[in-house]
$ cat model37.txt   # compact mmCIF, C-alpha atoms
# COMPACT_ATOMS: atom_id res chain seq x y z
CA MET A 130 143.17 -41.46 205.05
CA ASN A 131 144.14 -41.41 208.67
CA SER A 132 141.36 -39.39 210.29
CA PRO A 133 138.24 -38.73 208.22
CA PRO A 134 137.13 -35.14 207.52
CA ALA A 135 134.78 -33.34 209.91
CA LEU A 136 131.03 -33.87 209.50
CA ARG A 137 130.73 -30.18 208.64
CA VAL A 138 132.62 -30.78 205.35
CA TYR A 139 129.95 -33.26 204.20
CA ALA A 140 127.06 -31.08 205.38
CA VAL A 141 128.42 -27.98 203.60
CA THR A 142 128.95 -30.02 200.40
CA TRP A 143 125.34 -31.25 200.53
CA VAL A 144 123.97 -27.73 201.14
CA ALA A 145 126.07 -26.43 198.24
CA LEU A 146 124.76 -29.20 195.96
CA MET A 147 121.15 -28.39 196.88
CA ALA A 148 121.75 -24.66 196.36
CA LEU A 149 123.23 -25.37 192.90
CA LEU A 150 120.24 -27.57 192.06
CA ALA A 151 117.84 -24.78 193.05
CA ALA A 152 119.92 -22.27 191.07
CA THR A 153 119.97 -24.35 187.89
CA PHE A 154 116.21 -25.02 188.09
CA VAL A 155 115.36 -21.34 188.62
CA LEU A 156 117.83 -20.05 186.00
CA ALA A 157 116.43 -22.50 183.42
CA HIS A 158 113.16 -20.51 183.60
CA PHE A 159 114.84 -17.26 182.56
CA ARG A 160 115.25 -16.50 178.89
CA LEU A 161 119.04 -16.21 178.56
CA GLY A 162 119.45 -17.41 174.98
CA MET A 163 122.75 -19.20 174.39
CA LEU A 164 123.61 -18.68 178.05
CA ASN A 165 120.90 -21.14 179.15
CA PRO A 166 122.77 -24.32 178.17
CA VAL A 167 126.10 -22.78 179.21
CA VAL A 168 124.78 -21.99 182.71
CA ALA A 169 123.09 -25.41 183.01
CA LEU A 170 126.27 -27.28 182.05
CA ALA A 171 128.53 -25.07 184.18
CA ILE A 172 126.34 -25.78 187.23
CA ALA A 173 126.28 -29.52 186.41
CA LEU A 174 130.06 -29.46 186.16
CA ALA A 175 130.32 -27.62 189.50
CA LYS A 176 128.08 -30.22 191.15
CA ALA A 177 130.10 -33.12 189.69
CA VAL A 178 133.36 -31.51 190.86
CA LEU A 179 131.93 -31.13 194.39
CA VAL A 180 130.84 -34.78 194.41
CA ALA A 181 134.24 -35.94 193.12
CA LEU A 182 136.35 -33.81 195.46
CA PHE A 183 134.41 -34.21 198.71
CA PHE A 184 132.15 -37.28 198.44
CA MET A 185 134.57 -39.37 196.36
CA HIS A 186 137.35 -37.72 198.41
CA LEU A 187 139.48 -37.11 195.32
CA ARG A 188 140.85 -34.14 197.26
CA ARG A 189 142.56 -36.56 199.67
CA SER A 190 143.37 -39.31 197.16
CA SER A 191 146.80 -40.21 195.81
CA THR A 192 148.18 -38.62 192.64
CA LEU A 193 147.83 -41.96 190.86
CA ILE A 194 144.06 -42.03 191.43
CA VAL A 195 143.63 -38.37 190.42
CA LEU A 196 145.59 -39.21 187.28
CA PHE A 197 143.22 -42.07 186.41
CA ALA A 198 140.21 -39.80 186.87
CA LEU A 199 141.78 -37.17 184.60
CA VAL A 200 142.76 -39.75 181.96
CA ALA A 201 139.10 -40.84 181.80
CA LEU A 202 138.05 -37.24 181.13
CA PHE A 203 140.86 -36.81 178.61
CA ALA A 204 139.73 -39.91 176.69
CA LEU A 205 136.18 -38.51 176.76
CA ALA A 206 137.47 -35.22 175.36
CA ILE A 207 139.13 -37.12 172.47
CA LEU A 208 135.84 -38.92 171.77
CA PHE A 209 133.91 -35.64 171.78
CA GLY A 210 136.55 -33.67 169.94
CA LEU A 211 137.23 -36.04 167.06
CA SER A 212 133.64 -37.24 166.59
CA GLY A 213 132.39 -33.66 166.94
CA ALA A 214 134.84 -32.37 164.35
CA ASP A 215 133.72 -35.11 161.99
CA TYR A 216 130.01 -34.44 162.39
CA ALA A 217 130.41 -30.66 162.37
CA THR A 218 132.05 -30.70 158.93
CA ARG A 219 129.54 -32.94 157.18
CA GLU A 220 126.30 -32.22 155.39
CA VAL A 221 123.27 -34.26 156.38
CA HIS A 222 122.10 -36.29 153.40
CA PRO A 223 118.74 -37.91 154.16
CA ALA A 224 118.19 -41.30 152.58
CA PRO A 225 116.04 -41.22 149.40
CA TRP A 226 113.10 -42.89 151.21
CA VAL A 227 112.93 -40.26 153.96
CA ALA A 228 110.10 -37.81 153.27
CA PRO A 229 111.29 -34.23 152.57
CA GLY A 230 111.19 -32.04 155.66
CA ALA A 231 110.88 -35.05 157.95
CA TYR A 232 114.06 -34.05 159.76
CA MET B 240 167.46 -65.03 201.07
CA SER B 241 165.34 -63.18 203.56
CA THR B 242 162.11 -64.82 204.67
CA THR B 243 160.53 -61.70 206.10
CA THR B 244 157.66 -60.36 204.01
CA PRO B 245 158.13 -56.76 202.95
CA GLU B 246 154.99 -55.43 204.65
CA ILE B 247 155.33 -51.71 204.32
CA ARG B 248 152.05 -50.19 205.49
CA PRO B 249 149.98 -53.01 203.90
CA ALA B 250 146.63 -51.50 204.93
CA GLU B 251 147.33 -48.37 202.93
CA TRP B 252 148.37 -50.44 199.91
CA ARG B 253 145.16 -52.43 200.07
CA GLU B 254 143.09 -49.27 200.26
CA GLN B 255 145.03 -47.84 197.30
CA THR B 256 144.60 -51.00 195.21
CA ALA B 257 140.87 -51.24 195.93
CA SER B 258 140.24 -47.56 195.14
CA LEU B 259 142.38 -47.66 192.01
CA GLY B 260 140.55 -50.76 190.76
CA MET B 261 137.21 -48.98 191.12
CA TRP B 262 138.53 -45.82 189.46
CA VAL B 263 139.74 -47.87 186.48
CA PHE B 264 136.27 -49.40 186.21
CA LEU B 265 134.68 -45.94 186.49
CA ALA B 266 136.98 -44.69 183.70
CA THR B 267 135.54 -47.39 181.42
CA GLU B 268 132.06 -46.33 182.55
CA VAL B 269 132.83 -42.75 181.51
CA MET B 270 133.52 -44.06 178.00
CA PHE B 271 130.37 -46.21 178.09
CA PHE B 272 128.13 -43.25 178.95
CA GLY B 273 130.29 -41.02 176.74
CA GLY B 274 128.87 -42.59 173.58
CA ILE B 275 125.34 -41.73 174.71
CA PHE B 276 126.38 -38.16 175.55
CA MET B 277 128.07 -37.87 172.15
CA GLY B 278 124.86 -38.97 170.45
CA TYR B 279 122.95 -36.36 172.42
CA LEU B 280 125.51 -33.66 171.57
CA TYR B 281 125.09 -34.46 167.86
CA LEU B 282 121.30 -34.25 168.03
CA ARG B 283 121.34 -31.06 170.11
CA ALA B 284 123.93 -29.34 167.89
CA HIS B 285 122.16 -30.15 164.62
CA TYR B 286 118.50 -29.87 165.67
CA SER B 287 118.57 -27.53 168.66
CA ALA B 288 115.10 -26.02 168.11
CA GLU B 289 113.50 -29.43 167.65
CA VAL B 290 115.33 -30.85 170.69
CA ALA B 291 114.12 -27.90 172.76
CA GLN B 292 110.56 -28.59 171.67
CA ALA B 293 110.91 -32.33 172.35
CA SER B 294 112.30 -31.73 175.84
CA ARG B 295 109.07 -29.99 176.86
CA HIS B 296 107.47 -33.42 177.07
CA THR B 297 109.69 -34.37 180.05
CA HIS B 298 108.39 -33.80 183.60
CA GLU B 299 110.82 -31.23 184.96
CA TRP B 300 109.42 -31.26 188.52
CA LEU B 301 109.85 -35.03 188.85
CA GLY B 302 113.35 -34.76 187.41
CA THR B 303 114.25 -32.00 189.88
CA ILE B 304 112.83 -33.90 192.86
CA ASN B 305 114.76 -36.99 191.75
CA THR B 306 117.98 -34.98 191.48
CA ALA B 307 117.49 -33.77 195.05
CA ILE B 308 116.83 -37.36 196.21
CA LEU B 309 119.96 -38.68 194.50
CA LEU B 310 122.23 -35.88 195.76
CA THR B 311 120.96 -36.56 199.28
CA SER B 312 121.61 -40.29 198.86
CA SER B 313 125.21 -39.44 197.97
CA PHE B 314 125.38 -37.38 201.16
CA SER B 315 124.30 -40.34 203.31
CA MET B 316 126.62 -42.68 201.36
CA ALA B 317 129.58 -40.33 201.95
CA LEU B 318 128.71 -40.29 205.67
CA ALA B 319 128.58 -44.11 205.68
CA VAL B 320 132.10 -44.18 204.20
CA ARG B 321 133.26 -41.67 206.79
CA PHE B 322 131.86 -43.62 209.76
CA SER B 323 133.24 -46.88 208.37
CA GLN B 324 136.70 -45.38 208.75
CA LEU B 325 135.87 -44.92 212.44
CA ALA B 326 134.56 -48.53 212.58
CA LYS B 327 131.10 -47.36 213.76
CA ARG B 328 129.34 -50.46 212.47
CA GLU B 329 125.77 -49.65 213.54
CA THR B 330 125.91 -46.05 212.27
CA VAL B 331 127.30 -47.26 208.94
CA GLN B 332 124.54 -49.86 208.69
CA ARG B 333 121.82 -47.25 209.36
CA LEU B 334 123.32 -44.82 206.83
CA LEU B 335 123.46 -47.59 204.23
CA TRP B 336 119.77 -48.26 204.83
CA VAL B 337 119.01 -44.56 204.30
CA THR B 338 121.09 -44.60 201.09
CA ALA B 339 119.28 -47.68 199.75
CA ALA B 340 115.89 -46.15 200.68
CA LEU B 341 116.70 -42.91 198.83
CA GLY B 342 117.98 -44.86 195.83
CA SER B 343 114.74 -46.88 195.80
CA ALA B 344 112.69 -43.67 196.07
CA PHE B 345 114.53 -42.34 193.00
CA LEU B 346 113.73 -45.54 191.09
CA ALA B 347 110.07 -45.36 192.16
CA VAL B 348 109.74 -41.78 190.86
CA LYS B 349 111.55 -42.76 187.65
CA PHE B 350 109.21 -45.70 187.15
CA ALA B 351 106.16 -43.46 187.72
CA GLU B 352 107.62 -41.07 185.13
CA TYR B 353 108.12 -43.88 182.61
CA THR B 354 104.49 -44.95 183.15
CA MET B 355 103.29 -41.40 182.47
CA GLU B 356 105.50 -41.18 179.36
CA TRP B 357 104.10 -44.46 178.10
CA HIS B 358 100.54 -43.12 178.41
CA GLU B 359 101.59 -39.87 176.74
CA GLY B 360 102.84 -41.85 173.74
CA LEU B 361 106.49 -40.87 174.11
CA VAL B 362 108.11 -44.29 173.75
CA PRO B 363 109.72 -44.57 170.27
CA GLY B 364 109.05 -47.82 168.47
CA LEU B 365 106.51 -49.11 170.99
CA HIS B 366 103.99 -46.39 171.76
CA PHE B 367 104.79 -43.13 170.02
CA THR B 368 101.97 -40.73 169.11
CA ILE B 369 103.74 -37.35 168.85
CA GLN B 370 103.07 -35.71 165.46
CA GLU B 371 105.12 -32.48 165.47
CA ASN B 372 108.86 -32.95 164.80
CA ALA B 373 108.17 -36.63 165.04
CA ARG B 374 111.62 -37.84 163.98
CA VAL B 375 113.76 -35.61 166.19
CA THR B 376 111.33 -36.05 169.10
CA ALA B 377 111.59 -39.82 168.64
CA LEU B 378 115.40 -39.62 168.58
CA PHE B 379 115.38 -37.38 171.67
CA PHE B 380 113.21 -39.84 173.58
CA PHE B 381 115.23 -42.79 172.30
CA LEU B 382 118.30 -41.16 173.89
CA TYR B 383 116.26 -40.24 176.99
CA PHE B 384 115.12 -43.83 177.59
CA LEU B 385 118.55 -45.24 176.74
CA ALA B 386 120.44 -42.85 179.05
CA THR B 387 118.03 -42.85 181.99
CA GLY B 388 117.35 -46.58 181.56
CA VAL B 389 121.03 -47.52 181.64
CA HIS B 390 121.43 -45.15 184.59
CA ALA B 391 118.48 -46.82 186.38
CA VAL B 392 120.10 -50.24 185.83
CA HIS B 393 123.32 -48.91 187.40
CA LEU B 394 121.36 -47.48 190.31
CA THR B 395 119.46 -50.75 190.83
CA ILE B 396 122.79 -52.59 191.04
CA GLY B 397 123.96 -49.92 193.50
CA VAL B 398 120.87 -50.31 195.71
CA LEU B 399 121.29 -54.11 195.75
CA ALA B 400 125.01 -53.79 196.58
CA VAL B 401 124.28 -51.32 199.40
CA LEU B 402 121.56 -53.60 200.83
CA TRP B 403 123.93 -56.57 200.61
CA MET B 404 126.68 -54.61 202.41
CA SER B 405 124.20 -53.49 205.05
CA TRP B 406 123.17 -57.13 205.56
CA ARG B 407 126.80 -58.14 206.04
CA LEU B 408 127.15 -55.51 208.76
CA ARG B 409 124.30 -56.92 210.86
CA ARG B 410 126.64 -58.19 213.56
CA PRO B 411 130.26 -57.68 214.58
CA PRO B 412 133.15 -57.90 213.95
CA PHE B 413 134.04 -54.91 211.81
CA PRO B 414 137.46 -55.72 210.33
CA ASP B 415 139.38 -52.73 209.00
CA TRP B 416 139.25 -53.98 205.40
CA ARG B 417 135.47 -53.63 205.59
CA ALA B 418 135.98 -49.85 205.43
CA ASP B 419 137.81 -50.29 202.10
CA GLU B 420 134.88 -52.28 200.69
CA ILE B 421 132.42 -49.59 201.75
CA ASP B 422 134.72 -46.91 200.33
CA VAL B 423 134.75 -48.63 196.92
CA LEU B 424 130.97 -49.08 197.04
CA GLY B 425 130.70 -45.36 197.79
CA LEU B 426 132.84 -44.47 194.76
CA TYR B 427 130.45 -46.43 192.52
CA TRP B 428 127.39 -44.80 194.11
CA HIS B 429 128.75 -41.27 193.70
CA PHE B 430 129.68 -41.97 190.08
CA VAL B 431 126.11 -43.01 189.29
CA ASP B 432 124.98 -39.79 191.01
CA ALA B 433 127.44 -37.75 188.91
CA ILE B 434 126.05 -39.26 185.67
CA TRP B 435 122.57 -38.14 186.71
CA ILE B 436 123.88 -34.65 187.49
CA PHE B 437 124.56 -34.31 183.74
CA LEU B 438 121.46 -36.16 182.50
CA TYR B 439 119.22 -33.80 184.50
CA PRO B 440 119.96 -30.49 182.66
CA LEU B 441 120.36 -32.23 179.28
CA PHE B 442 116.90 -33.80 179.29
CA TYR B 443 114.80 -31.69 181.65
CA LEU B 444 116.08 -28.11 181.51
CA VAL B 445 116.47 -27.51 177.77
CA SER B 446 113.65 -25.07 177.10
CA LEU B 447 111.82 -24.13 180.28
CA SER B 448 112.29 -20.43 179.49
CA SER B 449 110.53 -20.36 176.12

$ encode --input "model37.txt" --output "C-alpha cells"
Amino acid sequence: MNSPPALRVYAVTWVALMALLAATFVLAHFRLGMLNPVVALAIALAKAVLVALFFMHLRRSSTLIVLFALVALFALAILFGLSGADYATREVHPAPWVAPGAY
Amino acid sequence: MSTTTPEIRPAEWREQTASLGMWVFLATEVMFFGGIFMGYLYLRAHYSAEVAQASRHTHEWLGTINTAILLTSSFSMALAVRFSQLAKRETVQRLLWVTAALGSAFLAVKFAEYTMEWHEGLVPGLHFTIQENARVTALFFFLYFLATGVHAVHLTIGVLAVLWMSWRLRRPPFPDWRADEIDVLGLYWHFVDAIWIFLYPLFYLVSLSS
C-alpha cells in the first residue's frame, strides 16, 4: 500500500452500504415468498463483499491474504455442506418425554 | 559468510505478516461463528413457519438503526486506517474516537433491546413466557442471544482496543509501524461489522411481510 485510496472511494462505499441497508429493510416488507430470504441474504452478501474489498482493502491485498480469506469461506462451506446434508436426510425423532406436537 | 542482513523492503514484510496474522485469526473466527450460523440454518430449514413467527418478537427498527450505526463505524475506522498511512496522528485519533463512540452507541441500543426482551419474557431458561410455538421460539431466542451476545462481546473488545489505540496516539511520535497496528485493528473491527451484516437479516427481517 504505497498511497492510500482517495477519500471518495470510502464515501461511495459507505453510501452504497446505507443504500443496501435501506433496500433490504424495505424489501423485507414486501411479500415475495421464497424470494424474501434470498434477497435478504444476497444483500447481506453484497454488503459483506463491499466491506471486505474496500474497508478491509482486500482489493489491494496480496494473493496470499486473499487466499486465506477464501480458505476460511471454503472451510465454512464444508461445515455447512456436510452438516446440512446430514440433517437434511434425517427424520426428527422427538424423545419419548417430549409432548406430542411440542415441536 | 556475509554479515549484512537481507533487508528487502522490511516495512512491506512487516505489514504483510501483521495482516496475515489477523486474517488467520479471522478465519478461525469464521469457523467459531459458523457453528452458530449452522444451528440457525438447521432451525430455519426444519421449522421455517415457526421461526418466522418467533422472529416477530425482535425489534426490527432497533436492529436496523444499529446496523446503520455499525456500518458507519466501519466507515470511520476505514478512514482512520487510511489517514494512519499518511501519518496524520491527530486525524487518526479523532476518527478512532468517533469509531469507539459509534461502537458504544451500538452496544447501548443492544443493551436497551435486551432489557425490553427480558421484560417481554423472551429469555429462554431465565424469563420465558411465550406460549405459542414455545419450543421453537425458545430455540430461536437461544440462538439470538448466543449470536448477538457473542457479537457484543467481540464489539466490546473492539471498542476497548480502539480506545487504547487512541490513548497511545495522544502525543507524537507516529512511527510507521503504528499504521500497521491500526490496519490490523481495522481488520478486526470490519470483521465484527461483517458478522452483524449477516445477523441482521437472519434475526430481524424474517417475516416482516406477513

$ interface_residues --input "model37.txt" --of "chain B" --to "chain A" --cutoff "6 Å" --atoms "all atoms listed in the file" --output "number ranges by chain"
B: 259, 266, 317, 321, 426, 433, 436-437, 440, 444, 447-448

$ residues_near_point --input "model37.txt" --point "(111.5, -37.3, 171.6)" --cutoff "8 Å" --atoms "all atoms listed in the file" --output "JSON, numbers by chain"
{"B": [290, 293, 294, 296, 361, 363, 373, 374, 375, 376, 377, 378, 379, 380, 381, 383]}

$ residues_around --input "model37.txt" --residues "B:His366" --least-positions-apart "6" --cutoff "12 Å" --atoms "all atoms listed in the file" --output "list in words"
Tyr353, Thr354, Met355, Glu356, Trp357, His358, Glu359, Gly360, Ala377, Phe380 and Phe381 of chain B

$ closest_residue --input "model37.txt" --among "B:Gln255, B:Thr338, B:Leu408, B:Ile421" --to "B:Val320" --atoms "all atoms listed in the file"
B:Ile421

$ residues_around --input "model37.txt" --residues "B:Ala351" --least-positions-apart "5" --cutoff "12 Å" --atoms "only C-alpha atoms" --output "list in words"
His298, Leu301, Gly302, Asn305, Ala344, Phe345, Leu346, Glu356, Trp357 and His358 of chain B

$ atom_distance --input "model37.txt" --atom1 "atom CA of B:Phe367" --atom2 "atom CA of B:Gly388"
17.4 Å

$ atom_distance --input "model37.txt" --atom1 "atom CA of B:Thr306" --atom2 "atom CA of B:Ala319"
19.9 Å
